[in-house]
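Text of the file input_36.txt, holding compact mmCIF, N, CA and C atoms and all ligand atoms:
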# COMPACT_ATOMS: atom_id res chain seq x y z
N MET A 7 10.76 -17.37 -8.41
CA MET A 7 11.61 -17.37 -7.21
C MET A 7 10.77 -17.81 -6.00
N GLY A 8 9.86 -16.95 -5.53
CA GLY A 8 8.92 -17.31 -4.47
C GLY A 8 9.57 -17.87 -3.22
N HIS A 9 10.25 -17.01 -2.46
CA HIS A 9 10.91 -17.49 -1.24
C HIS A 9 9.91 -17.54 -0.10
N GLU A 10 9.85 -18.70 0.54
CA GLU A 10 9.04 -18.82 1.75
C GLU A 10 9.86 -18.24 2.90
N VAL A 11 9.37 -17.19 3.51
CA VAL A 11 10.16 -16.53 4.55
C VAL A 11 9.74 -17.03 5.93
N ASP A 12 10.71 -17.57 6.65
CA ASP A 12 10.45 -18.00 8.03
C ASP A 12 10.77 -16.80 8.93
N TRP A 13 9.75 -15.97 9.17
CA TRP A 13 9.97 -14.72 9.90
C TRP A 13 10.40 -14.94 11.34
N ASP A 14 9.88 -16.03 11.95
CA ASP A 14 10.29 -16.32 13.35
C ASP A 14 11.78 -16.60 13.41
N ARG A 15 12.26 -17.39 12.44
CA ARG A 15 13.69 -17.74 12.40
C ARG A 15 14.53 -16.48 12.17
N LEU A 16 14.08 -15.66 11.23
CA LEU A 16 14.84 -14.44 10.89
C LEU A 16 14.89 -13.50 12.10
N ARG A 17 13.76 -13.37 12.76
CA ARG A 17 13.71 -12.51 13.94
C ARG A 17 14.59 -13.07 15.05
N ASP A 18 14.59 -14.37 15.23
CA ASP A 18 15.45 -15.00 16.25
C ASP A 18 16.93 -14.75 15.95
N GLU A 19 17.29 -14.82 14.68
CA GLU A 19 18.69 -14.56 14.31
C GLU A 19 19.05 -13.11 14.62
N ALA A 20 18.11 -12.21 14.37
CA ALA A 20 18.35 -10.79 14.67
C ALA A 20 18.47 -10.59 16.18
N ILE A 21 17.62 -11.25 16.94
CA ILE A 21 17.66 -11.14 18.41
C ILE A 21 18.99 -11.67 18.94
N ALA A 22 19.48 -12.76 18.35
CA ALA A 22 20.76 -13.33 18.79
C ALA A 22 21.89 -12.32 18.63
N MET A 23 21.76 -11.46 17.63
CA MET A 23 22.79 -10.45 17.37
C MET A 23 22.83 -9.35 18.43
N LEU A 24 21.73 -9.18 19.17
CA LEU A 24 21.68 -8.11 20.18
C LEU A 24 22.80 -8.28 21.22
N ASP A 25 23.13 -9.53 21.52
CA ASP A 25 24.19 -9.79 22.51
C ASP A 25 25.57 -9.43 21.99
N ARG A 26 25.70 -9.34 20.67
CA ARG A 26 27.00 -9.03 20.07
C ARG A 26 27.18 -7.53 19.83
N ALA A 27 26.08 -6.79 19.97
CA ALA A 27 26.14 -5.35 19.67
C ALA A 27 27.17 -4.68 20.58
N PHE A 28 27.85 -3.69 20.02
CA PHE A 28 28.79 -2.88 20.81
C PHE A 28 28.18 -1.48 20.85
N ALA A 29 27.39 -1.24 21.90
CA ALA A 29 26.65 0.02 21.97
C ALA A 29 26.79 0.67 23.34
N PRO A 30 28.06 0.90 23.77
CA PRO A 30 28.25 1.47 25.11
C PRO A 30 27.84 2.94 25.20
N TYR A 31 27.73 3.62 24.07
CA TYR A 31 27.44 5.07 24.08
C TYR A 31 25.95 5.34 24.05
N SER A 32 25.23 4.62 23.22
CA SER A 32 23.78 4.84 23.14
C SER A 32 23.01 3.90 24.07
N ASP A 33 23.65 2.81 24.46
CA ASP A 33 22.95 1.77 25.21
C ASP A 33 21.69 1.34 24.45
N PHE A 34 21.83 1.27 23.14
CA PHE A 34 20.71 0.91 22.27
C PHE A 34 21.19 -0.17 21.29
N PRO A 35 21.25 -1.41 21.76
CA PRO A 35 21.70 -2.48 20.87
C PRO A 35 20.70 -2.74 19.75
N VAL A 36 21.23 -3.03 18.58
CA VAL A 36 20.39 -3.35 17.42
C VAL A 36 20.92 -4.64 16.78
N GLY A 37 20.02 -5.51 16.41
CA GLY A 37 20.39 -6.73 15.68
C GLY A 37 19.58 -6.81 14.40
N VAL A 38 20.18 -7.39 13.38
CA VAL A 38 19.47 -7.51 12.10
C VAL A 38 19.86 -8.82 11.43
N ALA A 39 18.92 -9.39 10.73
CA ALA A 39 19.20 -10.61 9.97
C ALA A 39 18.47 -10.53 8.64
N GLY A 40 19.12 -11.06 7.61
CA GLY A 40 18.53 -11.02 6.28
C GLY A 40 18.60 -12.39 5.61
N LEU A 41 17.52 -12.72 4.92
CA LEU A 41 17.50 -13.94 4.10
C LEU A 41 18.00 -13.58 2.72
N VAL A 42 18.97 -14.36 2.23
CA VAL A 42 19.56 -14.12 0.91
C VAL A 42 18.86 -15.02 -0.11
N ASP A 43 18.89 -14.64 -1.37
CA ASP A 43 18.14 -15.39 -2.39
C ASP A 43 18.64 -16.82 -2.60
N ASP A 44 19.81 -17.15 -2.06
CA ASP A 44 20.27 -18.55 -2.15
C ASP A 44 19.95 -19.33 -0.87
N GLY A 45 19.21 -18.69 0.03
CA GLY A 45 18.77 -19.40 1.23
C GLY A 45 19.61 -19.15 2.47
N ARG A 46 20.81 -18.55 2.30
CA ARG A 46 21.59 -18.35 3.51
C ARG A 46 21.08 -17.13 4.29
N ILE A 47 21.50 -17.07 5.54
CA ILE A 47 21.10 -15.95 6.39
C ILE A 47 22.34 -15.17 6.78
N VAL A 48 22.27 -13.86 6.63
CA VAL A 48 23.37 -12.99 7.05
C VAL A 48 22.83 -12.10 8.17
N SER A 49 23.75 -11.63 9.01
CA SER A 49 23.27 -10.88 10.17
C SER A 49 24.29 -9.83 10.57
N GLY A 50 23.89 -8.97 11.47
CA GLY A 50 24.80 -7.92 11.92
C GLY A 50 24.30 -7.26 13.19
N CYS A 51 25.18 -6.47 13.81
CA CYS A 51 24.83 -5.72 15.01
C CYS A 51 25.50 -4.35 14.92
N ASN A 52 24.98 -3.41 15.68
CA ASN A 52 25.61 -2.09 15.63
C ASN A 52 26.94 -2.10 16.39
N VAL A 53 27.89 -1.33 15.88
CA VAL A 53 29.23 -1.24 16.45
C VAL A 53 29.58 0.24 16.58
N GLU A 54 29.47 0.74 17.80
CA GLU A 54 29.68 2.18 18.02
C GLU A 54 31.16 2.51 18.23
N ASN A 55 31.42 3.80 18.36
CA ASN A 55 32.80 4.28 18.46
C ASN A 55 32.84 5.50 19.37
N ALA A 56 33.98 5.71 20.05
CA ALA A 56 34.15 6.89 20.89
C ALA A 56 34.00 8.17 20.06
N SER A 57 34.31 8.08 18.78
CA SER A 57 34.00 9.17 17.86
C SER A 57 32.57 8.91 17.37
N TYR A 58 31.60 9.41 18.12
CA TYR A 58 30.20 8.98 17.98
C TYR A 58 29.70 8.85 16.54
N GLY A 59 30.04 9.87 15.74
CA GLY A 59 29.45 9.94 14.40
C GLY A 59 29.87 8.83 13.45
N ILE A 60 30.90 8.10 13.79
CA ILE A 60 31.33 7.05 12.85
C ILE A 60 30.86 5.66 13.26
N GLY A 61 29.97 5.60 14.23
CA GLY A 61 29.42 4.29 14.62
C GLY A 61 28.76 3.61 13.43
N LEU A 62 28.81 2.29 13.45
CA LEU A 62 28.22 1.52 12.35
C LEU A 62 26.88 0.94 12.77
N CYS A 63 25.87 1.15 11.95
CA CYS A 63 24.57 0.54 12.20
C CYS A 63 24.66 -0.97 11.97
N ALA A 64 23.72 -1.67 12.55
CA ALA A 64 23.67 -3.12 12.40
C ALA A 64 23.60 -3.53 10.92
N GLU A 65 22.85 -2.76 10.14
CA GLU A 65 22.66 -3.10 8.73
C GLU A 65 23.97 -3.02 7.95
N CYS A 66 24.87 -2.11 8.39
CA CYS A 66 26.18 -2.00 7.72
C CYS A 66 26.92 -3.33 7.87
N GLY A 67 26.90 -3.87 9.09
CA GLY A 67 27.56 -5.15 9.33
C GLY A 67 26.93 -6.26 8.51
N MET A 68 25.61 -6.22 8.42
CA MET A 68 24.92 -7.29 7.68
C MET A 68 25.27 -7.25 6.20
N VAL A 69 25.27 -6.06 5.58
CA VAL A 69 25.57 -6.03 4.14
C VAL A 69 27.05 -6.33 3.89
N SER A 70 27.89 -6.02 4.88
CA SER A 70 29.30 -6.39 4.74
C SER A 70 29.43 -7.91 4.76
N GLN A 71 28.71 -8.54 5.66
CA GLN A 71 28.74 -10.02 5.70
C GLN A 71 28.14 -10.61 4.41
N LEU A 72 27.11 -9.95 3.89
CA LEU A 72 26.51 -10.41 2.63
C LEU A 72 27.57 -10.47 1.53
N ALA A 73 28.31 -9.36 1.37
CA ALA A 73 29.34 -9.31 0.32
C ALA A 73 30.46 -10.29 0.61
N ALA A 74 30.90 -10.30 1.87
CA ALA A 74 32.06 -11.13 2.22
C ALA A 74 31.76 -12.62 2.13
N SER A 75 30.49 -12.99 2.23
CA SER A 75 30.16 -14.42 2.21
C SER A 75 29.66 -14.87 0.84
N GLY A 76 29.82 -14.01 -0.16
CA GLY A 76 29.50 -14.46 -1.52
C GLY A 76 28.48 -13.63 -2.27
N GLY A 77 27.95 -12.59 -1.64
CA GLY A 77 27.02 -11.70 -2.34
C GLY A 77 25.62 -12.28 -2.45
N GLY A 78 24.87 -11.80 -3.43
CA GLY A 78 23.48 -12.23 -3.59
C GLY A 78 22.53 -11.10 -3.23
N ARG A 79 21.25 -11.40 -3.34
CA ARG A 79 20.22 -10.39 -3.08
C ARG A 79 19.49 -10.70 -1.79
N LEU A 80 19.24 -9.64 -1.02
CA LEU A 80 18.44 -9.80 0.19
C LEU A 80 16.97 -9.92 -0.22
N VAL A 81 16.28 -10.93 0.30
CA VAL A 81 14.86 -11.06 -0.03
C VAL A 81 13.96 -10.73 1.16
N ALA A 82 14.51 -10.81 2.38
CA ALA A 82 13.72 -10.48 3.57
C ALA A 82 14.67 -10.08 4.69
N VAL A 83 14.26 -9.06 5.45
CA VAL A 83 15.12 -8.53 6.51
C VAL A 83 14.30 -8.26 7.77
N ALA A 84 14.89 -8.62 8.92
CA ALA A 84 14.28 -8.28 10.21
C ALA A 84 15.32 -7.54 11.03
N CYS A 85 14.94 -6.35 11.51
CA CYS A 85 15.83 -5.51 12.31
C CYS A 85 15.13 -5.31 13.65
N VAL A 86 15.85 -5.56 14.74
CA VAL A 86 15.20 -5.47 16.05
C VAL A 86 16.03 -4.69 17.06
N GLY A 87 15.33 -4.12 18.03
CA GLY A 87 15.95 -3.53 19.20
C GLY A 87 15.73 -4.46 20.39
N ARG A 88 16.01 -3.94 21.57
CA ARG A 88 15.85 -4.75 22.80
C ARG A 88 14.50 -5.44 22.84
N HIS A 89 14.49 -6.61 23.40
CA HIS A 89 13.29 -7.44 23.55
C HIS A 89 12.73 -7.88 22.19
N GLY A 90 13.55 -7.75 21.16
CA GLY A 90 13.12 -8.24 19.85
C GLY A 90 12.08 -7.37 19.17
N ILE A 91 11.95 -6.14 19.64
CA ILE A 91 10.95 -5.25 19.04
C ILE A 91 11.42 -4.81 17.65
N PRO A 92 10.58 -5.02 16.62
CA PRO A 92 10.99 -4.63 15.27
C PRO A 92 11.29 -3.13 15.20
N LEU A 93 12.37 -2.81 14.48
CA LEU A 93 12.80 -1.41 14.33
C LEU A 93 12.78 -1.02 12.87
N MET A 94 12.40 0.21 12.60
CA MET A 94 12.56 0.72 11.24
C MET A 94 14.02 1.11 11.04
N PRO A 95 14.66 0.62 9.98
CA PRO A 95 16.04 1.04 9.70
C PRO A 95 16.10 2.54 9.46
N CYS A 96 17.22 3.14 9.84
CA CYS A 96 17.40 4.58 9.61
C CYS A 96 17.47 4.85 8.10
N GLY A 97 17.43 6.10 7.73
CA GLY A 97 17.40 6.46 6.31
C GLY A 97 18.57 5.89 5.53
N ARG A 98 19.76 6.05 6.09
CA ARG A 98 20.96 5.55 5.40
C ARG A 98 20.86 4.04 5.19
N CYS A 99 20.36 3.35 6.20
CA CYS A 99 20.29 1.90 6.10
C CYS A 99 19.19 1.43 5.17
N ARG A 100 18.14 2.22 5.03
CA ARG A 100 17.13 1.89 4.02
C ARG A 100 17.78 1.90 2.64
N GLN A 101 18.68 2.85 2.44
CA GLN A 101 19.39 2.94 1.17
C GLN A 101 20.28 1.70 0.97
N LEU A 102 20.93 1.25 2.04
CA LEU A 102 21.76 0.03 1.96
C LEU A 102 20.90 -1.17 1.57
N LEU A 103 19.73 -1.27 2.21
CA LEU A 103 18.85 -2.40 1.92
C LEU A 103 18.33 -2.33 0.49
N TRP A 104 18.10 -1.11 0.03
CA TRP A 104 17.62 -0.92 -1.35
C TRP A 104 18.67 -1.42 -2.34
N GLU A 105 19.91 -1.07 -2.09
CA GLU A 105 21.00 -1.47 -2.99
C GLU A 105 21.10 -2.98 -3.11
N HIS A 106 20.93 -3.67 -1.98
CA HIS A 106 21.19 -5.12 -1.97
C HIS A 106 19.93 -5.98 -1.98
N GLY A 107 18.77 -5.32 -1.95
CA GLY A 107 17.53 -6.10 -1.98
C GLY A 107 16.53 -5.55 -2.99
N GLY A 108 16.59 -4.24 -3.21
CA GLY A 108 15.68 -3.63 -4.19
C GLY A 108 14.26 -3.51 -3.68
N ALA A 109 13.39 -3.15 -4.61
CA ALA A 109 12.00 -2.79 -4.29
C ALA A 109 11.21 -3.92 -3.65
N THR A 110 11.54 -5.16 -4.01
CA THR A 110 10.70 -6.29 -3.56
C THR A 110 11.19 -6.93 -2.26
N CYS A 111 12.35 -6.51 -1.79
CA CYS A 111 12.85 -7.06 -0.53
C CYS A 111 11.83 -6.75 0.58
N LEU A 112 11.51 -7.73 1.38
CA LEU A 112 10.50 -7.55 2.44
C LEU A 112 11.16 -7.18 3.76
N LEU A 113 10.50 -6.30 4.50
CA LEU A 113 11.05 -5.85 5.78
C LEU A 113 10.00 -6.05 6.87
N LEU A 114 10.45 -6.63 8.00
CA LEU A 114 9.57 -6.75 9.16
C LEU A 114 9.54 -5.40 9.86
N THR A 115 8.39 -4.77 9.91
CA THR A 115 8.28 -3.44 10.53
C THR A 115 7.31 -3.52 11.71
N PRO A 116 7.27 -2.46 12.51
CA PRO A 116 6.29 -2.45 13.61
C PRO A 116 4.85 -2.55 13.11
N GLU A 117 4.65 -2.27 11.81
CA GLU A 117 3.30 -2.35 11.24
C GLU A 117 3.13 -3.57 10.35
N GLY A 118 3.99 -4.56 10.55
CA GLY A 118 3.90 -5.78 9.75
C GLY A 118 4.94 -5.82 8.64
N VAL A 119 4.81 -6.82 7.78
CA VAL A 119 5.79 -6.99 6.71
C VAL A 119 5.46 -6.05 5.55
N LEU A 120 6.46 -5.26 5.14
CA LEU A 120 6.27 -4.31 4.03
C LEU A 120 7.39 -4.47 3.02
N PRO A 121 7.08 -4.24 1.73
CA PRO A 121 8.15 -4.26 0.72
C PRO A 121 8.97 -2.97 0.81
N MET A 122 10.22 -3.04 0.39
CA MET A 122 11.09 -1.86 0.44
C MET A 122 10.52 -0.70 -0.39
N SER A 123 9.71 -1.00 -1.40
CA SER A 123 9.13 0.08 -2.20
C SER A 123 8.20 0.94 -1.34
N ASP A 124 7.65 0.37 -0.27
CA ASP A 124 6.83 1.17 0.66
C ASP A 124 7.69 1.90 1.68
N VAL A 125 8.83 1.28 1.99
CA VAL A 125 9.69 1.80 3.06
C VAL A 125 10.60 2.92 2.56
N LEU A 126 10.93 2.86 1.28
CA LEU A 126 11.77 3.91 0.67
C LEU A 126 11.20 4.28 -0.69
N PRO A 127 10.07 5.02 -0.67
CA PRO A 127 9.42 5.37 -1.95
C PRO A 127 10.31 6.25 -2.81
N GLN A 128 10.15 6.09 -4.10
CA GLN A 128 10.93 6.89 -5.08
C GLN A 128 12.42 6.86 -4.78
N ALA A 129 12.89 5.66 -4.45
CA ALA A 129 14.30 5.51 -4.05
C ALA A 129 15.24 5.87 -5.19
N PHE A 130 16.38 6.39 -4.80
CA PHE A 130 17.49 6.55 -5.73
C PHE A 130 18.23 5.22 -5.75
N GLY A 131 18.54 4.73 -6.95
CA GLY A 131 19.22 3.44 -7.02
C GLY A 131 20.15 3.35 -8.21
N PRO A 132 20.75 2.18 -8.41
CA PRO A 132 21.74 1.99 -9.48
C PRO A 132 21.22 2.37 -10.86
N GLU A 133 19.92 2.12 -11.10
CA GLU A 133 19.38 2.42 -12.44
C GLU A 133 19.35 3.93 -12.71
N ASP A 134 19.30 4.72 -11.64
CA ASP A 134 19.34 6.17 -11.84
C ASP A 134 20.71 6.61 -12.36
N LEU A 135 21.76 5.93 -11.92
CA LEU A 135 23.10 6.23 -12.44
C LEU A 135 23.15 5.90 -13.92
N ALA A 136 22.58 4.76 -14.28
CA ALA A 136 22.57 4.33 -15.68
C ALA A 136 21.80 5.33 -16.53
N THR A 137 20.67 5.79 -16.01
CA THR A 137 19.84 6.75 -16.76
C THR A 137 20.61 8.05 -16.97
N ALA A 138 21.29 8.51 -15.93
CA ALA A 138 22.05 9.75 -16.04
C ALA A 138 23.20 9.60 -17.04
N ALA A 139 23.85 8.42 -17.01
CA ALA A 139 24.96 8.18 -17.92
C ALA A 139 24.46 8.16 -19.37
N GLU A 140 23.30 7.57 -19.56
CA GLU A 140 22.69 7.50 -20.90
C GLU A 140 22.36 8.91 -21.41
N ALA A 141 21.80 9.73 -20.54
CA ALA A 141 21.45 11.10 -20.90
C ALA A 141 22.70 11.88 -21.29
N ALA A 142 23.79 11.65 -20.55
CA ALA A 142 25.05 12.36 -20.84
C ALA A 142 25.59 11.93 -22.21
N ARG A 143 25.46 10.65 -22.54
CA ARG A 143 25.93 10.16 -23.85
C ARG A 143 25.17 10.82 -24.98
N HIS A 144 23.84 10.91 -24.79
CA HIS A 144 23.00 11.57 -25.81
C HIS A 144 23.45 13.00 -26.01
N GLU A 145 23.71 13.67 -24.88
CA GLU A 145 24.12 15.07 -24.88
C GLU A 145 25.40 15.23 -25.70
N GLU A 146 26.36 14.32 -25.44
CA GLU A 146 27.66 14.40 -26.12
C GLU A 146 27.53 14.19 -27.61
N SER A 147 26.66 13.24 -28.02
CA SER A 147 26.59 12.87 -29.42
C SER A 147 25.69 13.80 -30.22
N SER A 148 25.02 14.77 -29.58
CA SER A 148 24.14 15.66 -30.32
C SER A 148 24.82 17.01 -30.62
N1 LIG B 201 21.04 1.91 14.67
C1 LIG B 201 21.18 0.80 13.88
O1 LIG B 201 22.04 -0.05 14.14
N2 LIG B 201 20.35 0.67 12.80
C2 LIG B 201 19.37 1.55 12.48
O2 LIG B 201 18.75 1.41 11.44
C3 LIG B 201 19.03 2.63 13.41
C4 LIG B 201 20.07 2.95 14.43
C5 LIG B 201 21.97 2.08 15.81
C6 LIG B 201 22.95 3.20 15.63
C7 LIG B 201 23.33 3.49 17.07
O3 LIG B 201 24.39 2.60 17.43
C8 LIG B 201 22.09 3.12 17.86
O4 LIG B 201 21.26 2.38 16.98
C9 LIG B 201 21.32 4.32 18.38
O5 LIG B 201 21.02 5.20 17.36
Let's see the structure in the file written out as structure tokens.
Ligand code: THU
Amino acid sequence: MGHEVDWDRLRDEAIAMLDRAFAPYSDFPVGVAGLVDDGRIVSGCNVENASYGIGLCAECGMVSQLAASGGGRLVAVACVGRHGIPLMPCGRCRQLLWEHGGATCLLLTPEGVLPMSDVLPQAFGPEDLATAAEAARHEESS
């Protein structure tokens, strides 16, 4: 596979999303952009709500666009706050990135580029469901 990641481009796409953010409650706009394994770029911004707890993180919008535009795997992601400062995705969003990018997906962090396996160690993922289902089958047949 070996994707050459243009981090400047990805970061610029994430920065462009800051203007689209709907963050009147936190005044904390977030933009995110991801490179997909077929070369396209998907992006998102946070969309808050008067019912504070149901606000959507930028990454939610990005993975929704990923699915809606044809799916695929995320290979690199840049998430930024104001002035383009790299942001660590929240816990829930790390799980979203894990689902759609897995252990090898690269993330631009304040400490440089890191694989998701460093960002979400011992992650729970789809294979854990398969393992549990397999264990249940063994249980039934014994
Ligand atoms: N936020 C994101 O969009 N992504 C994250 O990973 C962290 C937090 C948003 C949620 C809320 O709209 C604002 O940042 C302040 O928490």
Contacts to ligand LIG 201 (chain B) at 5 Å cut-off (only N, CA and C atoms and all ligand atoms) as a VMD selection string: chain A and resid 34 36 52 63 to 65 94 to 96
Closest of A:Leu41, A:Val48, A:Leu103, A:Ala22 to A:Leu126, counting only C-alpha atoms, is A:Leu103
Minimum-distance residue to A:Gly40, chosen among A:Leu135, A:Ala82, A:Trp104, A:Leu120 (using only N, CA and C atoms):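 Looking at the shortest contact to A:Gly40, the residue is A:Ala82.
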Looking at all atoms listed in the file, which of A:Trp13, A:Val119, A:Val38, A:Glu140 is the one that sits closest to A:Gly87?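 Checking each of A:Trp13, A:Val119, A:Val38, A:Glu140 against A:Gly87, counting all atoms listed in the file, the winner is A:Val38.
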Taking the backbone alone, and naming residues the way the document does, which bits of stretch 8-144 of chain A are helix (DSSP H, G or I) by DSSP, as a short mmCIF file (atom, residue, chain, number, x, y, z; two decimals) with N, CA and C atoms, in the frame of the given file?
data_model
loop_
_atom_site.label_atom_id
_atom_site.label_comp_id
_atom_site.auth_asym_id
_atom_site.auth_seq_id
_atom_site.Cartn_x
_atom_site.Cartn_y
_atom_site.Cartn_z
N TRP A 13 9.75 -15.97 9.17
CA TRP A 13 9.97 -14.72 9.90
C TRP A 13 10.40 -14.94 11.34
N ASP A 14 9.88 -16.03 11.95
CA ASP A 14 10.29 -16.32 13.35
C ASP A 14 11.78 -16.60 13.41
N ARG A 15 12.26 -17.39 12.44
CA ARG A 15 13.69 -17.74 12.40
C ARG A 15 14.53 -16.48 12.17
N LEU A 16 14.08 -15.66 11.23
CA LEU A 16 14.84 -14.44 10.89
C LEU A 16 14.89 -13.50 12.10
N ARG A 17 13.76 -13.37 12.76
CA ARG A 17 13.71 -12.51 13.94
C ARG A 17 14.59 -13.07 15.05
N ASP A 18 14.59 -14.37 15.23
CA ASP A 18 15.45 -15.00 16.25
C ASP A 18 16.93 -14.75 15.95
N GLU A 19 17.29 -14.82 14.68
CA GLU A 19 18.69 -14.56 14.31
C GLU A 19 19.05 -13.11 14.62
N ALA A 20 18.11 -12.21 14.37
CA ALA A 20 18.35 -10.79 14.67
C ALA A 20 18.47 -10.59 16.18
N ILE A 21 17.62 -11.25 16.94
CA ILE A 21 17.66 -11.14 18.41
C ILE A 21 18.99 -11.67 18.94
N ALA A 22 19.48 -12.76 18.35
CA ALA A 22 20.76 -13.33 18.79
C ALA A 22 21.89 -12.32 18.63
N MET A 23 21.76 -11.46 17.63
CA MET A 23 22.79 -10.45 17.37
C MET A 23 22.83 -9.35 18.43
N LEU A 24 21.73 -9.18 19.17
CA LEU A 24 21.68 -8.11 20.18
C LEU A 24 22.80 -8.28 21.22
N TYR A 58 31.60 9.41 18.12
CA TYR A 58 30.20 8.98 17.98
C TYR A 58 29.70 8.85 16.54
N GLY A 59 30.04 9.87 15.74
CA GLY A 59 29.45 9.94 14.40
C GLY A 59 29.87 8.83 13.45
N ILE A 60 30.90 8.10 13.79
CA ILE A 60 31.33 7.05 12.85
C ILE A 60 30.86 5.66 13.26
N ALA A 64 23.72 -1.67 12.55
CA ALA A 64 23.67 -3.12 12.40
C ALA A 64 23.60 -3.53 10.92
N GLU A 65 22.85 -2.76 10.14
CA GLU A 65 22.66 -3.10 8.73
C GLU A 65 23.97 -3.02 7.95
N CYS A 66 24.87 -2.11 8.39
CA CYS A 66 26.18 -2.00 7.72
C CYS A 66 26.92 -3.33 7.87
N GLY A 67 26.90 -3.87 9.09
CA GLY A 67 27.56 -5.15 9.33
C GLY A 67 26.93 -6.26 8.51
N MET A 68 25.61 -6.22 8.42
CA MET A 68 24.92 -7.29 7.68
C MET A 68 25.27 -7.25 6.20
N VAL A 69 25.27 -6.06 5.58
CA VAL A 69 25.57 -6.03 4.14
C VAL A 69 27.05 -6.33 3.89
N SER A 70 27.89 -6.02 4.88
CA SER A 70 29.30 -6.39 4.74
C SER A 70 29.43 -7.91 4.76
N GLN A 71 28.71 -8.54 5.66
CA GLN A 71 28.74 -10.02 5.70
C GLN A 71 28.14 -10.61 4.41
N LEU A 72 27.11 -9.95 3.89
CA LEU A 72 26.51 -10.41 2.63
C LEU A 72 27.57 -10.47 1.53
N ALA A 73 28.31 -9.36 1.37
CA ALA A 73 29.34 -9.31 0.32
C ALA A 73 30.46 -10.29 0.61
N ALA A 74 30.90 -10.30 1.87
CA ALA A 74 32.06 -11.13 2.22
C ALA A 74 31.76 -12.62 2.13
N ARG A 88 16.01 -3.94 21.57
CA ARG A 88 15.85 -4.75 22.80
C ARG A 88 14.50 -5.44 22.84
N HIS A 89 14.49 -6.61 23.40
CA HIS A 89 13.29 -7.44 23.55
C HIS A 89 12.73 -7.88 22.19
N GLY A 90 13.55 -7.75 21.16
CA GLY A 90 13.12 -8.24 19.85
C GLY A 90 12.08 -7.37 19.17
N GLY A 97 17.43 6.10 7.73
CA GLY A 97 17.40 6.46 6.31
C GLY A 97 18.57 5.89 5.53
N ARG A 98 19.76 6.05 6.09
CA ARG A 98 20.96 5.55 5.40
C ARG A 98 20.86 4.04 5.19
N CYS A 99 20.36 3.35 6.20
CA CYS A 99 20.29 1.90 6.10
C CYS A 99 19.19 1.43 5.17
N ARG A 100 18.14 2.22 5.03
CA ARG A 100 17.13 1.89 4.02
C ARG A 100 17.78 1.90 2.64
N GLN A 101 18.68 2.85 2.44
CA GLN A 101 19.39 2.94 1.17
C GLN A 101 20.28 1.70 0.97
N LEU A 102 20.93 1.25 2.04
CA LEU A 102 21.76 0.03 1.96
C LEU A 102 20.90 -1.17 1.57
N LEU A 103 19.73 -1.27 2.21
CA LEU A 103 18.85 -2.40 1.92
C LEU A 103 18.33 -2.33 0.49
N TRP A 104 18.10 -1.11 0.03
CA TRP A 104 17.62 -0.92 -1.35
C TRP A 104 18.67 -1.42 -2.34
N GLU A 105 19.91 -1.07 -2.09
CA GLU A 105 21.00 -1.47 -2.99
C GLU A 105 21.10 -2.98 -3.11
N HIS A 106 20.93 -3.67 -1.98
CA HIS A 106 21.19 -5.12 -1.97
C HIS A 106 19.93 -5.98 -1.98
N GLY A 107 18.77 -5.32 -1.95
CA GLY A 107 17.53 -6.10 -1.98
C GLY A 107 16.53 -5.55 -2.99
N MET A 122 10.22 -3.04 0.39
CA MET A 122 11.09 -1.86 0.44
C MET A 122 10.52 -0.70 -0.39
N SER A 123 9.71 -1.00 -1.40
CA SER A 123 9.13 0.08 -2.20
C SER A 123 8.20 0.94 -1.34
N ASP A 124 7.65 0.37 -0.27
CA ASP A 124 6.83 1.17 0.66
C ASP A 124 7.69 1.90 1.68
N VAL A 125 8.83 1.28 1.99
CA VAL A 125 9.69 1.80 3.06
C VAL A 125 10.60 2.92 2.56
N PRO A 132 20.75 2.18 -8.41
CA PRO A 132 21.74 1.99 -9.48
C PRO A 132 21.22 2.37 -10.86
N GLU A 133 19.92 2.12 -11.10
CA GLU A 133 19.38 2.42 -12.44
C GLU A 133 19.35 3.93 -12.71
N ASP A 134 19.30 4.72 -11.64
CA ASP A 134 19.34 6.17 -11.84
C ASP A 134 20.71 6.61 -12.36
N LEU A 135 21.76 5.93 -11.92
CA LEU A 135 23.10 6.23 -12.44
C LEU A 135 23.15 5.90 -13.92
N ALA A 136 22.58 4.76 -14.28
CA ALA A 136 22.57 4.33 -15.68
C ALA A 136 21.80 5.33 -16.53
N THR A 137 20.67 5.79 -16.01
CA THR A 137 19.84 6.75 -16.76
C THR A 137 20.61 8.05 -16.97
N ALA A 138 21.29 8.51 -15.93
CA ALA A 138 22.05 9.75 -16.04
C ALA A 138 23.20 9.60 -17.04
N ALA A 139 23.85 8.42 -17.01
CA ALA A 139 24.96 8.18 -17.92
C ALA A 139 24.46 8.16 -19.37
N GLU A 140 23.30 7.57 -19.56
CA GLU A 140 22.69 7.50 -20.90
C GLU A 140 22.36 8.91 -21.41
N ALA A 141 21.80 9.73 -20.54
CA ALA A 141 21.45 11.10 -20.90
C ALA A 141 22.70 11.88 -21.29
N ALA A 142 23.79 11.65 -20.55
CA ALA A 142 25.05 12.36 -20.84
C ALA A 142 25.59 11.93 -22.21
N ARG A 143 25.46 10.65 -22.54
CA ARG A 143 25.93 10.16 -23.85
C ARG A 143 25.17 10.82 -24.98
N HIS A 144 23.84 10.91 -24.79
CA HIS A 144 23.00 11.57 -25.81
C HIS A 144 23.45 13.00 -26.01
#
Separation of atom N of A:Pro35 from atom N of A:Arg88, in Å and rounded to one decimal: 5.8 Å
How would you write, as an MDAnalysis selection string, the set of residues in stretch 12-137 of chain A that DSSP gives as strand (DSSP E)? chainID A and resid 37:42 47:51 80:86 112:115 118:121
If you measure from atom N of A:Gly107 to atom CA of A:Gly78, what distance in Å do you get, rounded to one decimal?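 So the two atoms, atom N of A:Gly107 and atom CA of A:Gly78, lie 8.5 Å apart.
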Could you check how far atom CA of A:Leu24 sits from atom CA of A:Cys66, in Å to one decimal?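 For atom CA of A:Leu24 relative to atom CA of A:Cys66, the distance reads 14.6 Å.
Considering only C-alpha atoms, the residue among A:Gly76, A:Gly45, A:Pro92, A:Gly59 positioned nearest to A:Ala20 is A:Pro92.
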